[in-house]
Structure formats: C-alpha cells, structure tokens
Amino acid sequence: MALWFSRSRNIIAHLVKTKISPINQSLFHAKYISYKLPYELVWELRKEYSSTATGMVFRRFESARAGEVEEAVTYSTSDYDDDDDEINDAENKTIDFPGGSVAFTQQMKFISESPDKRVPCYRVLDDDGYPIAGSTYEQVDKEMAVKMYKSMVTLQIMDNIFYEAQRQGRISFYLTSMGEEAINIATAAALSFDDIILPQYREPGILLWRGFTLQEFANQCFGTKDDYGKGRQMPIHYGSKQHNFFTISSPIATQLPQAAGVAYSLKMDNKEACVVAFTGDGGTSEGDFHAGMNFAAVMEAPVLFICRNNGWAISTPISEQFRSDGVVVKGQAYGIRSIRVDGNDTLAVYSAIRAAREMVVREQKPILVEALTYRVGHHSTSDDSTKYRPLDEIEHWKTARSPLARFRKWVQRNGWWNDEGETELRGTIRKQLLNAIQVAEKSEKPSLVDLFTDVYDNLPLNLHEQEKSLRETIKRHQKDFPSDVPV
Amino acid sequence: MVDVSSNKLKMCKITNTSLSFRLNIKSAPHPPPPPPPPPTAAASTTNIASKRHELLLFEALREGLEEEMDRDPRVCVMGEDVGHYGGSYKVTKGFATKFGDLRVLDTPIAENSFTGMAIGAAMTGLRPIVEGMNMGFLLLAFNQISNNCGMLHYTSGGQFKIPIVIRGPGGVGRQLGAEHSQRLESYFQSIPGIQMVACSTPYNAKGLMKAAIRSDNPVILFEHVLLYNLKERIPDEEYVLNLEEAEMVRPGEHVTILTYSRMRYHVMQAAKTLVNKGYDPEVIDIRSLKPFDLHTIGNSVKKTHRVVIVEECMRTGGIGASLTASINENFHDYLDAPIVCLSSQDVPTPYAGTLEEWTVVQPAQIVAAVEQLCR
C-alpha cells in the first residue's frame with residue numbers, strides 16, 4: 001500500500017509520530033489544537049514504571065499481536081523534538097501515582113472545556129469538485145472512480161425508490177442514507193472484503209459495494225422467503241455473513257462493544273483484517289459508545305470506529321447531543337487516535353479510511369474517524385424532519401452540498417464520465433429496482449415453520465407445542481390466514 | 001437443544017419413558033440415591049467401580065472449564081478479575097498462566113460492554129464464557145442479553161450463532177446487601193432464545209458447565225454464592241450432563257418437592273424431618289430453569305399428585321410462578337390439591353442477618369407446608 005506524504009499537518013504528524021507512545025502523541029495533538037495545556041501537564045511514561053498497572057498492561061498483550069511483534073517502545077526525552085527545555089525542567093518535578101508519573105505544578109490551571117479552534121476537517125475536493133491546492137490524497141484510477149460514482153448513484157436511486165414504495169404502502173418501513181452516499185461508498189471501497197462490518201443502519205452502501213444485489217435488498221425489505229433474515233427483521237435490517245456484514249440490530253450503539261469482541265476474535269486468529277463499527281452522532285451518547293471505545297483501547301483491538309456525524313438524531317441537533325467539539329475529540333479521552341474528515345468529499349473519505357485501516361491492522365489499535373456530513377432525508381419513513389428543521393436548510397444540503405454532484409464534477413472533468421452515461425445509468429438502475437420490487441412483491445413469504453426455527457439450534461418442546469397449537473388455530477380459521485404465507 | 005419434532009409427542013400425556021431427551025453425549029453413571037430411612041445403613045449403593053476424587057464446587061466448575069478450554073481452542077473466558085487474580089471466587093485460578101492473557105481476558109468494569117464483546121466474538125466463531133462477578137451486575141448487560149444474545153440467531157435468519165455461556169453467582173448470601181442478592185433467573189426467564197440452568201452440587205456444576213460450553217445456544221449458568229465450598233466426590237472420567245434434564249435427588253411417593261440451587265439443601269434438611277415424621281417426599285432438583293424438564297416433573301406429579309415448589313425467587317414473577325403455571329397447564333388432571341409455592345417475599349433483601357434469614361424459605365416452613373398439603 002503506497003504511503004503518501006501529505007502536506008496536511010494532521011496526517012504527517014501522525015505518520016511521523018506513530019512510533020511514539022499514545023501519551024506523547026497526545027502532547028502533539030494537544031499542541032496542534034491549541035489547548036491551553038501548560039507544559040507542566042506533560043506526561044512521561046518511563047520504563048521503570050513497568051511495575052505499575054499501566055506498565056503491565058503494555059507488556060501483557062505483546063504475545064497477542066497479529067503479524068510482527070512491535071518493538072518495545074522506549075520513552076525518553078529525546079523523543080520530544082519540540083519541548084526539550086520544558087521537559088528537562090519537568091523531569092525534576094514529577095510525582096508517582098498509579099498510572100504513571102506526572103509532572104506537578106504549583107499553578108492551579110483548568111483545562112479549557114473547549115479549544116480556541118475546533119479540530120480541522122480533512123478535505124480534498126472543494127464544493128465544485130476541484131482538488132484544493134496543496135491537498136494530497138490516495139490516487140484513484142478511472143475504474144475505481146467510476147465504480148464508486150456508479151455505486152453512489154445506485155444507492156441514491158435505491159433509497160428514492162424504496163422510500164416511495166413505503167409511501168405507497170408496498171413496504172412497511174424504510175430508512176434512507178441520502179446525503180451520506182460518499183461515506184457509504186468511499187468507506188466500502190477503502191476497506192478490504194475481509195474487514196468485518198458492524199453497521200448501525202445507515203450503511204447499506206457497504207453491502208452494495210460488496211456485491212449485495214438489488215434483488216437481495218428488495219427481498220429483505222419485503223420480507224420474502226429469499227430474505228437471508230427469513231423475514232424476521234424490519235426493513236433495512238440487512239445482514240449477510242458471506243459479505244462480512246453483521247445483521248443490523250435496532251438498539252443504538254449495541255454493536256460498539258460487540259466490535260471489540262469481533263476484533264478480539266480476529267486477534268486470536270491472527271487475521272490481516274479489522275473490524276469496522278459505525279455509529280451516528282446520537283449513538284455517541286449511549287453508554288455503549290463509551291464502553292466500546294474504552295474496551296477497544298484497553299484490549300488494543302483492531303477496530304475502526306466510524307462516526308457519521310450528520311447533525312441530527314431524529315429531531316435532536318448535535319448542540320443538544322453533546323457539548324464537546326464533535327466526536328473526534330472523544331478519541332483522545334480513550335487513548336484512541338482520531339481524525340475528522342469531510343464526509344461529503346468522496347476522495348477525502350477514501351484516503352482517510354485507507355490510512356486509518358492500514359494503521360488499525362498494522363498497529364492492532366483502534367482508530368476513530370468522525371465524518372462530518374448532513375442527513376438530507378428524514379430520519380426514517382416514520383419521521384417528517386420539516387417539523388424541526390427549515391426546508392431551505394435541507395434543500396441547501398441536498399443540492400449545493402450534494403456529495404454526488406461534487407464527485408461527479410471531478411470524475412467528469414477527468415474525462416471518465418459524461419451526461420449520456422449518467423442518464424443511461426439512472427435509467428438502468430431504476431428499471432432494475434422496479435423489477436426487483438415486482439419480483440419481491442410476487443414472492444412467497446417465509447413459511448410458518450420459520451416463526452419457530454432458529455430461536456434455538458433445535459426446536460425445544462415448548463416451541464414445538466406452540467407451533468402445533470398455532471397450526472390447529474389456522475386450520476380452524478383457514479380463511480383468516482394470509483394466502484401468501486405457506487403453512 | 002434436542003430436536004423433538006421427530007418424536008410423536010402428545011401434549012399432556014408424556015408416557016413414553018424411553019423418549020430420548022438426552023443429547024448424544026457420554027454421561028458417566030451417576031450413583032443412585034441411597035434408599036430411604038436412616039443413613040446409618042452402612043452399605044452405600046454407589047457405584048464403587050468408577051474412580052473418584054474429592055473437590056469443592058468452585059473447583060468442579062474450574063475443572064469443567066479447564067477441560068473444555070483444553071479440548072477446544074475457541075473457548076475463552078472474559079470478565080472482571082478473571083485473569084491473574086483468578087476470579088473473585090477462584091473459578092479461573094491459574095488459567096491466565098496456563099492459557100495466556102488473551103484467552104482469559106480481564107475486562108474493565110462494564111458489564112454491558114463485555115457481554116456485548118462476548119456476543120461479537122461468538123458471532124465471529126469463538127465460544128466465550130462471560131463471568132459476572134455477581135449475577136446482579138448482569139442487569140447492566142440486560143440490553144445485550146435480551147436484544148442481541150437471545151435474538152440475533154433468529155433475526156439474522158440463522159446466519160450468526162451465539163454459543164456463549166454467561167455465568168456467575170447469584171442468590172441470597174450472608175449479608176451481602178440487597179443489590180448483591182439478586183435472583184436474576186426471574187428477570188431472564190422470559191427472554192426467547194436463551195437457556196438457563198442452575199447448578200447445585202460439584203457433580204452437576206462440572207457437568208452443566210461442560211454442557212453449556214458445548215451448546216450452540218446462549219446458556220446462562222446460575223451459581224449460588226453460598227454453594228461454592230460444597231464438597232463432593234466426583235468421577236475421574238469425563239462426563240457431560242444434559243442441559244434440559246432435572247435431577248432426581250430423592251425418590252418418594254407422597255409429595256413432589258421441586259427446587260433448585262441452594263434451596264435443594266433446605267429441602268433435603270426438611271426431608272430428613274419429614275421422613276422421621278413418616279412422610280415420603282420425592283425431591284427433584286429441576287436444574288433446567290428454561291426450559292423446564294416437564295418429562296421428569298410430569299412423571300413425578302403423576303405418581304404423587306401433590307406438588308410443593310421451593311424457590312429463592314420472589315413470589316411475583318419468579319421461576320416458581322412460571323413452574324406453577326406450567327404444571328397446572330400440563331398436569332392439572334393429576335393434581336389432588338393446588339400447587340404450593342414457597343418463595344421469598346417481594347422485598348429487597350435486608351442487610352440485617354435475622355431479617356435476611358426470614359426472606360429465604362427455611363426448612364421448618366417446608367415441613368409445615370408438606371404436612372398441610374398431605375393432610
């Protein structure tokens with residue numbers, strides 16, 4: 001994988017400092033975002049503290065790393081390029097506590113609750129799809145770029161048509177990813193097929209990229225007998241073991257602690273893959289977010305946490321969700337490296353996820369990526385977002401800030417796409433989708449026996465009895481039983 | 001779980017005693033219980049042929065766990081202080097050195113997290129065992145257990161299975177306080193998709209532990225704080241018990257006493273008194289809390305026609321409540337009297353020793369109930 005050198009300070013700093021301990025990195029990071037951190041609060045981890053709990057933790061998992069064993073990290077003042085004088089002073093004034101040595105200070109200073117400047121956002125293309133001067137990114141060739149763009153279009157059309165189908169009463173529920181197509185597709189393109197995905201629910205693009213067909217999407221939404229979930233979950237709760245996409249579970253953020261477990265499993269198997277766990281801005285308020293992040297950090301689990309900060313959790317804007325500078329700063333609180341990226345910039349997301357994924361697999365440590373974006377659609381078909389946000393705001397993000405339009409301009413300017421291709425693509429996808437819906441509508445539903453199977457590995461006595469009882473009831477009231485459900 | 005679909009099973013009349021509810025696993029012969037009256041009868045009818053060794057219940061759990069971890073490299077343990085500390089009740093003592101830090105994982109204090117983590121690991125092919133330091137703490141993991149552990153095999157259409165074991169000590173101890181005296185089997189019994197078993201002796205502790213680990217379903221193994229130091233001689237050779245089977249502790253003719261976990265010992269104590277008074281109680285340790293072993297229980301009810309349930313759960317919504325309903329539904333015709341259910345009161349467990357003692361069913365109450373029932 002080609003490493004590139006970016007002139008963006010954020011990334012180069014991370015690349016250069018990867019050999020330094022996370023604590024030292026926090027020093028760098030702290031300096032970068034201009035927190036008012038006095039030098040006295042610099043931490044030093046010394047080898048003689050290996051007898052403390054922290055020291056033991058760092059030693060304990062050496063044997064468990066996938067691939068090469070990491071060199072033992074030595075912490076010495078020579079690693080601090082910038083603060084030699086300050087550190088030498090601090091060296092003389094340190095005290096010992098569980099957790100390491102801290103420099104002490106006679107001044108009482110509080111760390112500010114908010115930085116002077118917010119963490120900047122990594123971006124490659126401007127709003128018109130022109131690469132920003134001085135930006136560097138992972139190069140994308142024609143084939144990849146066209147594939148990404150086509151997938152984004154497919155996702156958009158799929159969302160539109162299924163949403164309409166719900167409005168027409170043909171499916172019971174739907175949830176769109178409008179406005180977040182870049183996050184969906186660019187992330188999928190940047191990962192490997194072996195990376196295990198633990199989605200929240202606004203990431204169907206990843207399945208799409210991995211080869212899930214429009215028919216398979218329709219089967220799940222219509223709950224037909226061909227649905228891999230056997231009609232047991234509500235629409236959009238896709239799951240496919242063969243695509244390494246865990247079945248979606250409605251409660252928010254429950255997948256985050258599970259991600260640590262999946263990563264733990266990969267570690268045991270020494271696999272060259274990572275776990276990718278998604279959540280939204282609202283999900284970061286859940287206890288499970290704290291749990292999952294903390295666990296991943298302590299267990300040194302190869303999890304890539306991606307937070308789609310789209311500004312809204314149903315009707316709750318982020319100003320009412322948290323008071324921190326978004327989600328990216330929370331990474332440092334857990335000892336997790338993090339980055340903020342423009343989620344509507346396909347190339348930026350692609351590059352950032354590529355880099356993050358490589359770091360996760362190579363260093364066997366979690367990373368947090370906050371992708372800033374906007375939820376163009378309503379939360380779901382059960383929501384009307386015009387009730388709590390202005391129409392013109394939605395329109396603005398739908399048109400002027402559309403990730404598809406932006407990426408399309410870049411792709412077309414490279415001569416890799418044109419208007420004819422666009423019309424043709426949209427026509428084809430639309431036809432395929434309408435066909436898929438028709439097929440799904442005509443398909444049989446899962447049979448009655450699937451109401452009772454898979455609760456356990458085999459049918460226990462009580463379920464067997466309950467099934468019998470239900471069948472007897474159906475026999476007595478044959479005409480009340482739906483005709484498209486095989487008994 | 002045994003597939004009963006192929007058996008010609010009639011709902012209420014379970015007459016075929018050779019009906020195989022048994023899993024196809026090796027079980028060592030369990031010694032038949034000694035015949036009623038006086039235990040001064042010198043000759044024990046136990047099977048002296050098999051070699052045995054003596055150990056405590058927590059050691060039996062450890063032995064079972066160790067054998068399974070040796071047998072299958074996918075088995076791992078996670079929980080608070082299970083690693084180098086060896087577990088709060090020493091069930092995993094020595095494991096971290098033997099199996100390494102990764103297979104015996106110390107976790108931060110977040111029950112929802114490590115249960116969720118275990119579920120994620122199970123979905124990816126491992127067979128984790130989650131140890132709750134106290135069952136009550138697993139209330140924090142209720143979301144993961146109910147919404148994910150019990151459901152994901154079903155909602156994923158069978159694609160992902162969750163072969164985890166969740167275990168830990170529960171029940172009323174000696175002045176542990178209300179929050180540490182929870183009986184979680186009441187809360188969990190309704191969750192579809194999970195199995196629940198309760199161990200009460202070193203023999204069944206080891207057997208159930210092994211069976212739970214080998215099962216592909218999520219199993220919750222309820223241990224009891226006060227039973228960890230019970231001593232028993234168990235067979236040397238390997239054995240695995242059936243998760244859905246109840247244990248006949250003492251056969252009898254007059255009344256069926258159903259119980260589990262610690263209450264078994266109170267019942268046996270009461271049984272001694274009852275025998276002296278001329279009664280012949282049949283004592284069954286139900287062991288399997290979800291699903292109930294209606295086969296064993298049914299046969300007993302048909303024999304004695306009277307049932308007393310002795311449990312540690314609260315009166316409202318406990319295992320006894322469900323068992324009462326189940327027996328009434330299935331064996332109503334065989335009952336000569338209403339089922340008597342002795343349980344704890346619907347109060348949080350008080351700290352004061354004397355008060356605590358009276359929230360738990362005592363042998364004297366059991367004797368009185370049986371005498372009342374058999375009049």
# chains A, B, ... in the order shown; residues from 1 in each chain; ligands from 1

call {"tool": "interface_residues", "arguments": {"of": "chain B", "to": "chain A", "cutoff": "6 Å", "atoms": "only C-alpha atoms", "output": "mmCIF file with C-alpha atoms, in the first residue's frame"}}
result
data_model
loop_
_atom_site.group_PDB
_atom_site.id
_atom_site.type_symbol
_atom_site.label_atom_id
_atom_site.label_comp_id
_atom_site.auth_asym_id
_atom_site.auth_seq_id
_atom_site.Cartn_x
_atom_site.Cartn_y
_atom_site.Cartn_z
ATOM 1 C CA MET B 1 -31.262 -28.303 22.396
ATOM 2 C CA VAL B 2 -32.779 -31.665 21.496
ATOM 3 C CA ASP B 3 -34.928 -31.701 18.390
ATOM 4 C CA SER B 113 -19.553 -3.974 27.239
ATOM 5 C CA GLY B 116 -21.571 -7.269 24.080
ATOM 6 C CA MET B 117 -17.973 -8.108 23.358
ATOM 7 C CA ALA B 118 -18.632 -11.764 24.033
ATOM 8 C CA GLY B 120 -19.489 -10.117 18.946
ATOM 9 C CA ALA B 121 -16.776 -12.699 19.493
ATOM 10 C CA THR B 124 -17.318 -14.467 14.723
ATOM 11 C CA TYR B 154 -33.232 -15.598 14.945
ATOM 12 C CA THR B 155 -33.187 -12.165 13.322
ATOM 13 C CA SER B 156 -30.160 -12.982 11.205
ATOM 14 C CA GLY B 157 -32.060 -15.912 9.753
ATOM 15 C CA GLY B 158 -29.734 -18.422 11.385
ATOM 16 C CA GLY B 193 -33.513 -17.685 22.577
ATOM 17 C CA ASN B 217 -27.295 -21.789 22.177
#

call {"tool": "residues_around", "arguments": {"residues": "region 125-130 of chain B", "least_positions_apart": "3", "cutoff": "10 Å", "atoms": "only C-alpha atoms", "output": "PyMOL selection string"}}
result
(chain A and resi 261-262+264-266+268-269) or (chain B and resi 65+69+72-80+82+103-105+111+114-122+133+138+160-168+209+212-216+218-220)

call {"tool": "write_last_selection", "arguments": {"atoms": "C-alpha atoms", "output": "compact mmCIF listing (two decimals), in the first residue's frame"}}
result
# COMPACT_ATOMS: atom_id res chain seq x y z
CA GLY A 261 -15.33 -8.83 20.69
CA VAL A 262 -15.12 -9.39 16.96
CA TYR A 264 -10.66 -9.95 19.82
CA SER A 265 -11.69 -12.93 17.73
CA LEU A 266 -9.65 -11.70 14.76
CA MET A 268 -6.93 -14.78 18.28
CA ASP A 269 -6.95 -15.93 14.66
CA LEU B 65 -13.93 -25.11 32.38
CA MET B 69 -10.64 -24.99 27.23
CA ASP B 72 -11.47 -26.56 22.15
CA PRO B 73 -9.11 -23.65 21.48
CA ARG B 74 -12.02 -21.38 20.66
CA VAL B 75 -13.24 -21.36 24.24
CA CYS B 76 -12.26 -18.24 26.13
CA VAL B 77 -13.23 -16.53 29.35
CA MET B 78 -13.89 -12.85 29.92
CA GLY B 79 -14.91 -10.94 32.95
CA GLU B 80 -13.69 -8.75 35.75
CA VAL B 82 -10.73 -13.47 35.89
CA ARG B 103 -7.94 -16.47 26.35
CA VAL B 104 -8.60 -15.41 29.90
CA LEU B 105 -9.42 -11.79 29.45
CA GLU B 111 -20.93 -5.49 32.10
CA PHE B 114 -18.01 -7.30 27.93
CA THR B 115 -21.26 -9.11 27.37
CA GLY B 116 -21.57 -7.27 24.08
CA MET B 117 -17.97 -8.11 23.36
CA ALA B 118 -18.63 -11.76 24.03
CA ILE B 119 -21.59 -11.67 21.68
CA GLY B 120 -19.49 -10.12 18.95
CA ALA B 121 -16.78 -12.70 19.49
CA ALA B 122 -19.33 -15.52 19.45
CA MET B 133 -18.79 -11.09 39.39
CA LEU B 138 -25.55 -8.56 34.77
CA PHE B 160 -24.94 -15.97 13.09
CA LYS B 161 -24.99 -18.16 16.14
CA ILE B 162 -24.18 -17.09 19.66
CA PRO B 163 -22.72 -20.02 21.61
CA ILE B 164 -21.91 -18.08 24.75
CA VAL B 165 -22.14 -19.05 28.39
CA ILE B 166 -22.97 -16.38 30.92
CA ARG B 167 -22.28 -17.45 34.44
CA GLY B 168 -21.90 -16.06 37.89
CA MET B 209 -20.58 -26.20 32.78
CA ALA B 212 -23.26 -25.24 28.48
CA ILE B 213 -19.96 -24.63 26.75
CA ARG B 214 -20.65 -27.29 24.15
CA SER B 215 -24.14 -26.00 23.44
CA ASP B 216 -24.61 -23.78 20.41
CA PRO B 218 -26.63 -18.98 24.63
CA VAL B 219 -26.78 -20.51 28.11
CA ILE B 220 -26.98 -18.72 31.43

call {"tool": "residues_around", "arguments": {"residues": "Pro482 (chain A)", "least_positions_apart": "3", "cutoff": "12 Å", "atoms": "only C-alpha atoms", "output": "count of residues only"}}
result
12

call {"tool": "residues_around", "arguments": {"residues": "region 109-126 of chain A", "least_positions_apart": "5", "cutoff": "6 Å", "atoms": "only C-alpha atoms", "output": "list in words"}}
result
Tyr35, Pro131, Ile132, Ser135, Arg340, Val341, Asp342 and Ala348 of chain A

call {"tool": "residues_around", "arguments": {"residues": "Lys442 (chain A)", "least_positions_apart": "5", "cutoff": "12 Å", "atoms": "only C-alpha atoms", "output": "ChimeraX atom specification"}}
result
/A:170,218-219,222-226,435-437,483-485

call {"tool": "residues_around", "arguments": {"residues": "Thr284 (chain A)", "least_positions_apart": "3", "cutoff": "12 Å", "atoms": "only C-alpha atoms", "output": "PyMOL selection string"}}
result
chain A and resi 200+252-256+278-281+287-293+305-309+313+318+321-324+326-331+368+370

call {"tool": "atom_distance", "arguments": {"atom1": "CA of Leu61 (chain B)", "atom2": "CA of Val91 (chain B)"}}
result
6.4 Å

call {"tool": "residues_around", "arguments": {"residues": "Gln432 (chain A)", "least_positions_apart": "6", "cutoff": "12 Å", "atoms": "only C-alpha atoms", "output": "PyMOL selection string"}}
result
chain A and resi 154+157-158+161+213-218+425-426+438-439

call {"tool": "select_by_dssp", "arguments": {"residues": "region 71-114 of chain B", "states": "alpha helix (DSSP H)", "output": "ChimeraX atom specification"}}
result
/B:71,95-99,111-114

call {"tool": "closest_residue", "arguments": {"among": "B:Tyr89, B:Asp280, B:Val347, B:Asp81", "to": "Asn229 (chain B)", "atoms": "only C-alpha atoms"}}
result
B:Tyr89

call {"tool": "select_by_dssp", "arguments": {"residues": "region 105-298 of chain B", "states": "strand (DSSP E or B)", "output": "PyMOL selection string"}}
result
chain B and resi 105-106+127-131+165-170+195-198+219-224+231-235+247-250+255-259+281-285+288-290

call {"tool": "atom_distance", "arguments": {"atom1": "CA of Gly170 (chain B)", "atom2": "CA of Glu131 (chain B)"}}
result
11.7 Å

call {"tool": "closest_residue", "arguments": {"among": "A:Arg362, A:Thr381, A:Gln412, A:Ser338", "to": "Ala165 (chain A)", "atoms": "only C-alpha atoms"}}
result
A:Thr381

call {"tool": "closest_residue", "arguments": {"among": "A:Asn418, A:Asn270, A:Ser315, A:Gln106", "to": "Tyr388 (chain A)", "atoms": "only C-alpha atoms"}}
result
A:Ser315
